[in-house]
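Undergrad: My structure is stored as protein.tsv, with TSV, C-alpha atoms.
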```
chain	number	residue	atom	x	y	z
A	1	MET	CA	11.61	19.60	78.04
A	2	ASN	CA	12.71	19.62	74.40
A	3	ILE	CA	10.32	18.12	71.89
A	4	VAL	CA	12.08	16.10	69.20
A	5	VAL	CA	11.45	18.43	66.30
A	6	GLU	CA	12.01	15.70	63.72
A	7	ASN	CA	8.76	14.07	64.89
A	8	TYR	CA	6.60	16.89	63.51
A	9	ALA	CA	5.62	14.99	60.36
A	10	ASP	CA	4.36	12.21	62.62
A	11	TYR	CA	1.79	14.32	64.46
A	12	LYS	CA	1.04	17.15	62.00
A	13	GLU	CA	-2.64	17.23	60.99
A	14	LYS	CA	-2.07	17.01	57.24
A	15	GLU	CA	-5.68	17.44	56.14
A	16	ILE	CA	-5.65	21.14	57.01
A	17	PHE	CA	-3.18	23.40	55.21
A	18	GLY	CA	-2.83	26.79	53.56
A	19	ARG	CA	-4.33	30.08	54.68
A	20	TYR	CA	-8.03	29.51	54.08
A	21	ILE	CA	-9.35	27.59	57.09
A	22	ASN	CA	-13.07	27.60	57.93
A	23	ASN	CA	-15.65	25.33	59.59
A	24	ASP	CA	-15.66	22.97	56.62
A	25	SER	CA	-11.86	22.66	56.76
A	26	ILE	CA	-11.91	21.32	60.32
A	27	SER	CA	-15.16	19.32	60.27
A	28	ASN	CA	-13.35	15.96	60.46
A	29	LEU	CA	-11.18	17.19	63.32
A	30	ASN	CA	-14.21	18.49	65.19
A	31	SER	CA	-15.72	15.00	64.82
A	32	LYS	CA	-12.45	13.39	65.92
A	33	TYR	CA	-12.61	15.29	69.21
A	34	SER	CA	-16.40	14.97	69.60
A	35	SER	CA	-17.07	18.67	69.40
A	36	GLU	CA	-20.34	20.27	70.39
A	37	VAL	CA	-21.98	23.52	69.31
A	38	CYS	CA	-21.74	26.24	71.94
A	39	GLY	CA	-23.49	28.97	69.96
A	40	TYR	CA	-23.96	30.55	66.57
A	41	SER	CA	-22.42	33.42	64.66
A	42	VAL	CA	-24.23	36.49	63.31
A	43	ASN	CA	-24.81	34.59	60.07
A	44	ASN	CA	-25.98	31.51	61.97
A	45	LEU	CA	-22.86	29.40	61.49
A	46	PRO	CA	-22.12	27.02	64.39
A	47	ILE	CA	-19.33	27.78	66.85
A	48	HIS	CA	-17.79	24.48	67.92
A	49	PHE	CA	-15.96	23.57	71.09
A	50	PHE	CA	-14.59	20.38	72.60
A	51	LYS	CA	-13.09	19.27	75.88
A	52	ILE	CA	-10.06	17.06	76.33
A	53	GLY	CA	-8.70	15.66	79.57
A	54	SER	CA	-9.90	15.31	83.12
A	55	GLY	CA	-7.29	17.18	85.15
A	56	LYS	CA	-7.82	19.76	87.84
A	57	THR	CA	-6.03	22.54	85.98
A	58	LYS	CA	-8.31	24.09	83.37
A	59	LEU	CA	-7.05	25.73	80.18
A	60	LEU	CA	-9.32	27.64	77.77
A	61	ILE	CA	-7.98	28.09	74.22
A	62	TRP	CA	-9.64	29.88	71.33
A	63	SER	CA	-8.44	30.61	67.82
A	64	GLN	CA	-9.58	32.61	64.78
A	65	MET	CA	-11.24	35.34	66.78
A	66	HIS	CA	-10.05	37.16	63.67
A	67	GLY	CA	-11.32	35.07	60.79
A	68	ASN	CA	-8.32	35.53	58.49
A	69	GLU	CA	-5.78	34.53	61.16
A	70	SER	CA	-5.79	30.81	60.50
A	71	THR	CA	-2.20	29.70	61.18
A	72	SER	CA	-2.78	29.28	64.89
A	73	THR	CA	-5.80	27.04	64.24
A	74	LYS	CA	-3.65	24.63	62.25
A	75	ALA	CA	-0.94	24.79	64.89
A	76	LEU	CA	-3.42	24.18	67.70
A	77	PHE	CA	-4.62	20.95	66.15
A	78	ASP	CA	-1.01	19.88	65.58
A	79	SER	CA	-0.24	20.46	69.24
A	80	ILE	CA	-3.29	18.48	70.40
A	81	SER	CA	-2.26	15.68	68.03
A	82	PHE	CA	1.22	15.69	69.58
A	83	PHE	CA	-0.14	15.08	73.06
A	84	TYR	CA	-2.52	12.37	71.87
A	85	LYS	CA	0.27	10.48	70.14
A	86	HIS	CA	3.17	11.07	72.51
A	87	GLU	CA	2.16	12.40	75.93
A	88	GLN	CA	-1.42	11.50	76.82
A	89	ALA	CA	-0.54	11.71	80.51
A	90	VAL	CA	-0.92	15.49	80.16
A	91	PHE	CA	-4.68	15.00	80.05
A	92	ASP	CA	-4.62	13.44	83.53
A	93	ASP	CA	-3.43	16.78	84.90
A	94	LEU	CA	-5.15	19.15	82.53
A	95	THR	CA	-8.62	19.82	81.12
A	96	LEU	CA	-8.59	21.69	77.82
A	97	LEU	CA	-11.61	23.51	76.46
A	98	VAL	CA	-10.92	24.40	72.83
A	99	ILE	CA	-12.82	26.74	70.50
A	100	PRO	CA	-10.96	26.23	67.20
A	101	ILE	CA	-12.83	28.94	65.25
A	102	LEU	CA	-14.58	31.61	67.31
A	103	ASN	CA	-15.43	33.73	64.26
A	104	PRO	CA	-16.78	31.30	61.62
A	105	ASP	CA	-18.30	34.10	59.50
A	106	GLY	CA	-14.97	35.89	59.28
A	107	ALA	CA	-13.23	32.59	58.57
A	108	PHE	CA	-15.67	31.86	55.74
A	109	LYS	CA	-15.27	35.34	54.21
A	110	TYR	CA	-11.55	35.53	55.10
A	111	THR	CA	-11.94	38.78	57.00
A	112	ARG	CA	-10.60	39.98	60.32
A	113	GLU	CA	-14.02	41.13	61.53
A	114	ASN	CA	-17.23	39.16	61.94
A	115	TYR	CA	-20.28	39.39	59.65
A	116	ASN	CA	-21.24	42.74	61.21
A	117	ASN	CA	-17.74	44.11	60.53
A	118	VAL	CA	-16.98	44.16	64.25
A	119	ASP	CA	-13.54	43.29	65.61
A	120	LEU	CA	-14.34	40.71	68.28
A	121	ASN	CA	-11.11	41.53	70.07
A	122	ARG	CA	-12.47	45.00	70.79
A	123	ASP	CA	-15.83	43.76	72.06
A	124	ALA	CA	-14.90	42.35	75.46
A	125	VAL	CA	-16.81	45.02	77.41
A	126	ASP	CA	-19.74	45.77	75.14
A	127	LEU	CA	-20.38	42.11	74.25
A	128	SER	CA	-22.38	43.40	71.31
A	129	GLN	CA	-21.82	40.33	69.12
A	130	PRO	CA	-23.08	36.76	69.58
A	131	GLU	CA	-19.55	35.38	69.20
A	132	SER	CA	-18.30	37.58	72.04
A	133	ILE	CA	-21.17	36.47	74.23
A	134	VAL	CA	-20.40	32.81	73.51
A	135	LEU	CA	-16.78	33.22	74.61
A	136	LYS	CA	-17.69	35.11	77.78
A	137	LYS	CA	-20.35	32.54	78.75
A	138	ILE	CA	-17.87	29.70	78.31
A	139	TYR	CA	-15.29	31.61	80.34
A	140	ASP	CA	-17.77	32.20	83.16
A	141	LYS	CA	-18.99	28.61	83.21
A	142	PHE	CA	-15.63	26.85	82.70
A	143	LYS	CA	-13.72	29.12	85.11
A	144	PRO	CA	-10.32	28.49	83.50
A	145	ASP	CA	-7.04	28.66	85.38
A	146	PHE	CA	-5.27	29.81	82.19
A	147	CYS	CA	-6.30	31.20	78.79
A	148	PHE	CA	-4.54	31.08	75.41
A	149	ASN	CA	-5.72	33.69	72.91
A	150	LEU	CA	-4.41	32.58	69.49
A	151	HIS	CA	-3.89	35.04	66.64
A	152	GLY	CA	-1.86	35.66	63.49
A	153	GLN	CA	0.14	38.76	62.63
A	154	ARG	CA	1.03	40.47	59.37
A	155	SER	CA	4.38	40.24	57.62
A	156	ILE	CA	5.29	43.81	58.67
A	157	TYR	CA	6.40	42.87	62.20
A	158	SER	CA	10.08	42.57	63.08
A	159	THR	CA	12.41	42.32	66.05
A	160	ILE	CA	15.93	43.77	66.13
A	161	ASN	CA	17.94	44.25	62.92
A	162	PHE	CA	14.89	43.72	60.70
A	163	ASN	CA	14.51	40.07	61.75
A	164	SER	CA	11.01	38.84	61.04
A	165	SER	CA	8.79	38.16	64.06
A	166	ILE	CA	7.95	34.53	63.35
A	167	LEU	CA	6.32	34.37	66.77
A	168	SER	CA	5.17	37.10	69.11
A	169	PHE	CA	3.66	37.01	72.56
A	170	LEU	CA	1.98	39.27	75.07
A	171	SER	CA	1.16	39.04	78.71
A	172	PRO	CA	-1.71	41.54	78.61
A	173	SER	CA	-1.95	44.23	81.23
A	174	SER	CA	-4.78	44.06	83.71
A	175	ASP	CA	-4.95	47.79	84.44
A	176	PHE	CA	-3.85	51.15	83.05
A	177	ASP	CA	-0.75	51.19	85.26
A	178	ARG	CA	0.39	47.84	83.79
A	179	ASN	CA	0.90	46.44	87.27
A	180	GLU	CA	2.58	43.07	87.64
A	181	THR	CA	-0.40	41.25	89.10
A	182	ASP	CA	-0.16	37.57	90.04
A	183	SER	CA	-1.97	36.48	86.89
A	184	ARG	CA	0.14	38.70	84.66
A	185	VAL	CA	3.38	37.44	86.21
A	186	LYS	CA	2.31	33.84	85.57
A	187	SER	CA	1.65	34.69	81.94
A	188	MET	CA	5.08	36.31	81.65
A	189	LYS	CA	6.76	33.24	83.12
A	190	ILE	CA	5.02	30.85	80.73
A	191	ILE	CA	6.06	33.04	77.80
A	192	LEU	CA	9.65	32.88	79.07
A	193	ASP	CA	9.44	29.08	79.16
A	194	ILE	CA	8.30	29.12	75.52
A	195	PHE	CA	11.08	31.57	74.64
A	196	ASP	CA	13.78	29.49	76.32
A	197	ASN	CA	12.69	26.36	74.45
A	198	LEU	CA	12.54	28.04	71.05
A	199	LYS	CA	15.45	30.48	71.17
A	200	THR	CA	17.88	27.89	69.79
A	201	LEU	CA	15.61	27.34	66.76
A	202	ILE	CA	14.62	30.96	66.03
A	203	PRO	CA	16.86	33.04	68.29
A	204	ASN	CA	16.19	36.43	66.68
A	205	ASN	CA	12.62	35.91	65.55
A	206	ILE	CA	10.56	36.05	68.74
A	207	GLY	CA	8.93	39.35	69.61
A	208	ARG	CA	6.84	40.92	72.33
A	209	TYR	CA	3.81	43.15	71.85
A	210	ASN	CA	3.27	46.51	73.50
A	211	ASP	CA	1.40	46.03	76.79
A	212	GLU	CA	-0.68	49.20	76.76
A	213	PHE	CA	-3.94	48.41	78.54
A	214	ASN	CA	-7.21	48.22	76.61
A	215	ILE	CA	-10.13	46.77	78.56
A	216	ASN	CA	-12.01	46.23	75.30
A	217	CYS	CA	-9.49	43.53	74.33
A	218	VAL	CA	-10.40	40.07	75.53
A	219	GLY	CA	-6.95	39.26	76.89
A	220	ASP	CA	-6.84	42.44	78.97
A	221	THR	CA	-10.33	41.76	80.30
A	222	PHE	CA	-9.58	38.17	81.32
A	223	GLN	CA	-6.24	39.22	82.83
A	224	SER	CA	-8.10	41.87	84.85
A	225	LEU	CA	-10.33	39.06	86.13
A	226	ASN	CA	-7.19	37.37	87.52
A	227	THR	CA	-6.94	34.64	84.89
A	228	PRO	CA	-3.41	34.29	83.46
A	229	THR	CA	-3.90	34.93	79.75
A	230	ILE	CA	-1.35	34.72	76.93
A	231	LEU	CA	-1.64	36.21	73.48
A	232	PHE	CA	0.05	34.04	70.82
A	233	GLU	CA	0.76	35.58	67.41
A	234	SER	CA	1.80	33.44	64.43
A	235	GLY	CA	4.02	35.57	62.23
A	236	HIS	CA	5.82	35.38	58.91
A	237	TYR	CA	8.74	33.20	57.91
A	238	SER	CA	10.33	34.66	54.79
A	239	GLN	CA	8.48	33.60	51.60
A	240	ASP	CA	6.27	31.22	53.62
A	241	TYR	CA	3.00	32.79	52.49
A	242	SER	CA	1.08	29.59	53.13
A	243	ARG	CA	2.28	29.94	56.75
A	244	GLU	CA	3.16	26.26	57.02
A	245	ILE	CA	6.60	26.92	58.54
A	246	SER	CA	5.13	29.46	60.96
A	247	ARG	CA	2.51	26.85	61.79
A	248	TYR	CA	5.26	24.48	62.90
A	249	TYR	CA	6.86	27.00	65.26
A	250	THR	CA	3.45	28.03	66.63
A	251	SER	CA	2.59	24.40	67.34
A	252	LEU	CA	5.84	24.07	69.28
A	253	ALA	CA	5.02	27.22	71.23
A	254	ILE	CA	1.56	25.95	72.20
A	255	THR	CA	3.00	22.55	73.13
A	256	TYR	CA	5.75	24.03	75.29
A	257	ALA	CA	3.23	26.31	76.99
A	258	ILE	CA	0.95	23.40	77.86
A	259	LYS	CA	3.88	21.37	79.16
A	260	SER	CA	5.03	24.33	81.24
A	261	ILE	CA	1.61	24.60	82.87
A	262	CYS	CA	1.42	20.86	83.58
A	263	SER	CA	4.92	20.67	85.07
A	264	LYS	CA	4.61	24.09	86.75
A	265	GLY	CA	8.06	24.68	85.29
A	266	PHE	CA	7.22	28.32	84.67
A	267	ASN	CA	7.57	28.93	88.41
A	268	LEU	CA	11.34	28.71	88.00
A	269	GLN	CA	11.42	31.73	85.69
A	270	ASN	CA	12.29	35.28	86.72
A	271	HIS	CA	9.42	37.24	85.21
A	272	LYS	CA	11.57	40.36	84.84
A	273	ASN	CA	13.33	38.66	81.94
A	274	TYR	CA	10.09	38.96	79.99
A	275	TYR	CA	10.98	42.59	79.26
A	276	LYS	CA	14.22	41.46	77.60
A	277	ILE	CA	12.26	39.86	74.76
A	278	PRO	CA	12.52	42.46	71.96
A	279	GLU	CA	9.42	44.53	71.39
A	280	ASN	CA	7.89	44.31	67.93
A	281	SER	CA	8.31	47.07	65.40
A	282	THR	CA	6.67	47.48	62.01
A	283	SER	CA	9.83	47.80	59.92
A	284	LEU	CA	9.25	45.17	57.25
A	285	CYS	CA	7.47	44.98	53.92
A	286	ASP	CA	7.00	42.05	51.57
A	287	VAL	CA	9.23	43.41	48.79
A	288	PHE	CA	11.88	46.08	49.34
A	289	ILE	CA	13.64	47.55	46.32
A	290	LYS	CA	16.64	49.85	46.29
A	291	ASN	CA	17.66	52.16	43.46
A	292	ILE	CA	14.49	51.96	41.39
A	293	LYS	CA	13.60	54.70	38.92
A	294	ILE	CA	9.95	55.73	39.09
A	295	LYS	CA	7.92	58.40	37.33
A	296	GLN	CA	6.15	59.46	40.53
A	297	SER	CA	9.34	60.59	42.25
A	298	SER	CA	10.29	64.27	42.20
A	299	LEU	CA	13.87	63.23	42.78
A	300	SER	CA	16.13	62.83	39.78
A	301	GLN	CA	17.90	59.87	41.32
A	302	PRO	CA	16.65	56.33	42.03
A	303	VAL	CA	14.68	55.77	45.22
A	304	ASP	CA	13.71	52.98	47.61
A	305	LEU	CA	10.33	51.31	47.17
A	306	SER	CA	8.40	49.16	49.63
A	307	ILE	CA	5.59	46.83	48.54
A	308	LEU	CA	3.04	45.01	50.67
A	309	TYR	CA	0.83	42.18	49.51
A	310	LYS	CA	-2.92	42.47	49.87
A	311	GLU	CA	-4.61	39.14	50.57
A	312	LYS	CA	-7.81	38.26	48.73
A	313	LEU	CA	-9.95	35.14	48.78
A	314	ASN	CA	-10.47	33.62	45.33
A	315	LEU	CA	-14.09	32.52	45.53
A	316	VAL	CA	-13.61	29.93	42.76
A	317	SER	CA	-10.41	28.23	43.85
A	318	LYS	CA	-11.04	28.86	47.57
A	319	GLU	CA	-7.42	29.91	47.91
A	320	ILE	CA	-5.80	33.11	49.13
A	321	GLU	CA	-4.13	35.19	46.44
A	322	PHE	CA	-1.58	37.95	47.01
A	323	PHE	CA	-1.61	41.24	45.12
A	324	PRO	CA	1.21	43.79	45.38
A	325	GLU	CA	0.42	47.31	46.58
A	326	ILE	CA	2.73	50.27	47.05
A	327	SER	CA	3.45	51.06	50.68
A	328	GLU	CA	5.84	53.99	50.32
A	329	PHE	CA	8.81	55.24	48.32
A	330	GLY	CA	11.70	57.63	48.84
A	331	ASN	CA	14.67	57.36	51.19
A	332	LEU	CA	13.54	54.39	53.32
A	333	ASP	CA	16.54	53.73	55.55
A	334	LYS	CA	14.34	52.44	58.40
A	335	VAL	CA	12.58	49.80	56.31
A	336	SER	CA	13.60	46.39	55.03
A	337	GLY	CA	11.80	43.53	53.30
A	338	HIS	CA	11.31	39.81	53.20
A	339	LEU	CA	12.45	39.96	49.60
A	340	LEU	CA	15.30	42.39	48.89
A	341	SER	CA	16.40	43.55	45.44
A	342	ASP	CA	18.66	46.25	44.02
A	343	PHE	CA	17.48	47.75	40.72
A	344	ILE	CA	20.67	49.73	40.12
A	345	SER	CA	21.26	47.84	36.86
A	346	ILE	CA	17.66	48.34	35.62
A	347	ASP	CA	17.39	51.36	33.35
A	348	LYS	CA	13.63	51.37	32.91
A	349	VAL	CA	11.61	54.12	34.59
A	350	PHE	CA	8.51	52.53	36.11
A	351	ASN	CA	5.03	53.96	36.50
A	352	ILE	CA	4.03	52.43	39.84
A	353	SER	CA	0.43	53.59	39.49
A	354	VAL	CA	-0.05	51.02	36.71
A	355	GLU	CA	-0.91	47.53	37.95
A	356	ASN	CA	0.93	45.69	35.18
A	357	GLU	CA	4.12	47.64	35.86
A	358	LEU	CA	3.88	46.87	39.57
A	359	ASN	CA	3.54	43.17	38.77
A	360	GLU	CA	6.58	43.47	36.49
A	361	ILE	CA	8.56	45.10	39.31
A	362	VAL	CA	7.81	42.14	41.58
A	363	ILE	CA	8.83	39.64	38.88
A	364	ILE	CA	12.14	41.44	38.36
A	365	ALA	CA	12.65	41.71	42.12
A	366	LYS	CA	12.28	37.95	42.49
A	367	LYS	CA	14.92	37.42	39.82
A	368	LEU	CA	17.29	39.85	41.54
A	369	ARG	CA	16.42	38.77	45.06
A	370	ASN	CA	18.92	39.23	47.83
A	371	ILE	CA	21.20	41.48	45.75
A	372	HIS	CA	21.59	44.34	48.21
```
Written as structure tokens, how would this file's structure read?
TA:
Amino acid sequence: MNIVVENYADYKEKEIFGRYINNDSISNLNSKYSSEVCGYSVNNLPIHFFKIGSGKTKLLIWSQMHGNESTSTKALFDSISFFYKHEQAVFDDLTLLVIPILNPDGAFKYTRENYNNVDLNRDAVDLSQPESIVLKKIYDKFKPDFCFNLHGQRSIYSTINFNSSILSFLSPSSDFDRNETDSRVKSMKIILDIFDNLKTLIPNNIGRYNDEFNINCVGDTFQSLNTPTILFESGHYSQDYSREISRYYTSLAITYAIKSICSKGFNLQNHKNYYKIPENSTSLCDVFIKNIKIKQSSLSQPVDLSILYKEKLNLVSKEIEFFPEISEFGNLDKVSGHLLSDFISIDKVFNISVENELNEIVIIAKKLRNIH
């Protein structure tokens, strides 16, 4: 079932790129697939959807439920482009209903929440927001056989040995006992098909989320309604802050999942192997520095320092900018970073409460990168 990875440039949707993806970014693609408006956001922005295919098996996919999680939206369009260019026969067996941006207000503001500062992925029961109501109405009317819930995750997530979680998945629980219901087992098997196809490319970079049940989450709700639902999380490839490399792997994951459903190849999997996929931990930071001397430390010796980037939308350039912030310092033996530096040769004592000094630390770290 391998997709020839060298073909990616052939089907990648090149007009969308970077981290800031909103309704305007995908307007041409919505037109390409003859999208319609299925509802409106709190701030009266249209929520678009489109259908592809005429097959009996129905798949509902939505992305950017969290407005600042845009990688999966890019990847979704890449995957659709792949099938249009190379395997249109899929659409004889499958009907896709796609909502590329469920939270257009959050996408426009580059925020996780919607305009009312509500996390739509905690609104599955209350249905207090118009966007949540739109998704539930489409679910009820379309009656999907499968659901893909597409998200993006922060750079803090890792698998074993501090390997970055470039991709993560979850077969949500359908009850508090986390029973292996028929729908949940199907979700597990499809995830295993994805894992088997990608483990040669990123063998140590695929993680699994904790399956604690929360009925307020959309995936848990739909799974409890006996619809196999898969949570996809686009993660971080080291120094890929535009998430274009992660986009590629996410597009492969979506493509393999669709192919698995069409071929019913997932039925060959032993769902118990799902639990062998390493569970995510939060052991990473963006910049990890060893042996740095700082004024804030009560210790006389150098310490470890972890830095995370805060993402902010530049309203002028319409690009996402990254600003360093201190996460923690001290003896951090259970933390690592995407960028690693050893400041043992740096004599300066830094005041990490001063923004300019923090920026200087990052500049030095980049020069000394991977000396550890």
Undergrad: Taking (6.3, 41.0, 54.0) in the coordinates of the supplied file, I want to know which residues reach to within 9 Å of it, counting all atoms listed in the file; could you give the answer as a list in words?
TA: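 Residues lying no farther than 9 Å from the given point: Arg154, Ser155, Ile156, Tyr157, Ser164, His236, Ser238, Gln239, Tyr241, Leu284, Cys285, Asp286, Val287, Phe288, Ile307, Leu308, Tyr309, Gly337, His338 and Leu339 of chain A.
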Undergrad: Quick one: residues within 10 Å of A:Ile99, only C-alpha atoms counted, chain neighbours fewer than 6 positions away excluded, as a PyMOL selection string?
TA: chain A and resi 30+35-38+47-51+60-65+73+135+138
Undergrad: What's around A:Ile352 at 8 Å? Count only C-alpha atoms, leave out sequence neighbours fewer than 5 positions away in its own chain, and write the answer as a ChimeraX atom specification.
TA: /A:294-296,326,357-358
Undergrad: Would you save the residues from that selection as a short mmCIF file (atom, residue, chain, number, x, y, z; two decimals), in the coordinates of the input, using C-alpha atoms?
TA:
```
data_model
loop_
_atom_site.label_atom_id
_atom_site.label_comp_id
_atom_site.auth_asym_id
_atom_site.auth_seq_id
_atom_site.Cartn_x
_atom_site.Cartn_y
_atom_site.Cartn_z
CA ILE A 294 9.95 55.73 39.09
CA LYS A 295 7.92 58.40 37.33
CA GLN A 296 6.15 59.46 40.53
CA ILE A 326 2.73 50.27 47.05
CA GLU A 357 4.12 47.64 35.86
CA LEU A 358 3.88 46.87 39.57
#
```
Undergrad: Could you work out how far atom CA of A:Tyr20 lies from atom CA of A:Phe195, giving the answer in Å with one decimal?
TA: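 For atom CA of A:Phe195 relative to atom CA of A:Tyr20, the distance reads 28.1 Å.
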Undergrad: Compute the distance from (1.7, 37.6, 68.3) to each atom, counting only C-alpha atoms, keep the residues with any atom at most 10 Å away, and return them as a PyMOL selection string; use the coordinates of the file.
TA: chain A and resi 149-154+157+165-170+206-209+230-235+250+280
Undergrad: Any idea what the distance is between atom CA of A:Tyr256 and atom CA of A:Met188?
TA: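 Separating atom CA of A:Tyr256 from atom CA of A:Met188 is a distance of 13.8 Å.
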Undergrad: What is the atom CA of A:Ser171-atom CA of A:Asp140 distance in Å, reported with one decimal?
TA: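 Taking atom CA of A:Ser171 and atom CA of A:Asp140, their separation equals 20.6 Å.
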Undergrad: Considering all atoms listed in the file, return as a list in words whatever protein or nucleic-acid residues lie within 9 Å of stretch 87-90 of chain A, sequence-local ones (same chain, fewer than 2 positions apart) excluded.
TA: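 Everything that qualifies: Gly53, Gly55, Phe82, Phe83, Tyr84, Lys85, Asp92, Asp93, Leu94, Thr95, Ile258, Lys259 and Cys262 of chain A.
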Undergrad: Give me the stretch 55-142 of chain A side of the contact with stretch 26-29 of chain A, cut-off 12 Å, one line per residue showing its nearest atom pair and distance in Å at one decimal, counting only C-alpha atoms, sorted by chain and residue number, as a tab-separated table.
TA:
```
residue	atom	partner	partner_atom	distance
A:Ser70	CA	A:Ile26	CA	11.3
A:Thr73	CA	A:Ile26	CA	9.2
A:Lys74	CA	A:Ile26	CA	9.1
A:Leu76	CA	A:Leu29	CA	11.3
A:Phe77	CA	A:Leu29	CA	8.1
A:Asp78	CA	A:Leu29	CA	10.8
A:Ile80	CA	A:Leu29	CA	10.7
A:Ser81	CA	A:Leu29	CA	10.2
A:Val98	CA	A:Leu29	CA	11.9
A:Ile99	CA	A:Ile26	CA	11.6
A:Pro100	CA	A:Ile26	CA	8.5
A:Ile101	CA	A:Ile26	CA	9.1
A:Pro104	CA	A:Ile26	CA	11.2
A:Ala107	CA	A:Ile26	CA	11.5
```
Undergrad: I need the residue nearest A:Leu102 from this list: A:Asp126, A:Glu69, A:Glu319, A:Glu13. Use all atoms listed in the file for the distance.
TA: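 Ranked by minimum distance to A:Leu102, first place goes to A:Glu69.
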Undergrad: Of the candidates A:Asn22, A:Leu225, A:Asn204, A:Leu59, which shows the shortest atom-to-atom distance to A:Phe162, using only C-alpha atoms?
TA: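 Using only C-alpha atoms, the shortest distance to A:Phe162 belongs to A:Asn204.
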Undergrad: So, counting only C-alpha atoms, which residue among A:Ile21, A:Ile16, A:Leu368, A:Cys147 is closest to A:Gly106?
TA: A:Ile21
Undergrad: Out of A:Val134, A:Ile52, A:Leu201, A:Val118, which residue has the shortest atom-to-atom distance to A:Leu97 when counting only C-alpha atoms?
TA: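 Residue with the minimum atom-to-atom distance to A:Leu97: A:Ile52.
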Undergrad: So which one's closest to A:Gly330, A:Ile160, A:Ser283, A:Leu305, A:Asp123? Using all atoms listed in the file, please.
TA: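 Looking at the shortest contact to A:Gly330, the residue is A:Leu305.
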Undergrad: Considering all atoms listed in the file, can you say which of A:Leu96, A:Pro144, A:Gly67, A:Ser281 comes closest to A:Tyr33?
TA: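 Looking only at the distances to A:Tyr33, the closest residue turns out to be A:Leu96.
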Undergrad: Which residues come within 10 Å of A:Pro130, counting only C-alpha atoms, excluding same-chain residues fewer than 4 positions away, as a list of chain:residue names?
TA: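 With the cut-off at 10 Å, the set is A:Gly39, A:Tyr40, A:Ser41, A:Val42, A:Asn43, A:Asn44, A:Asn103, A:Asn114, A:Leu120, A:Val134, A:Leu135, A:Lys136.
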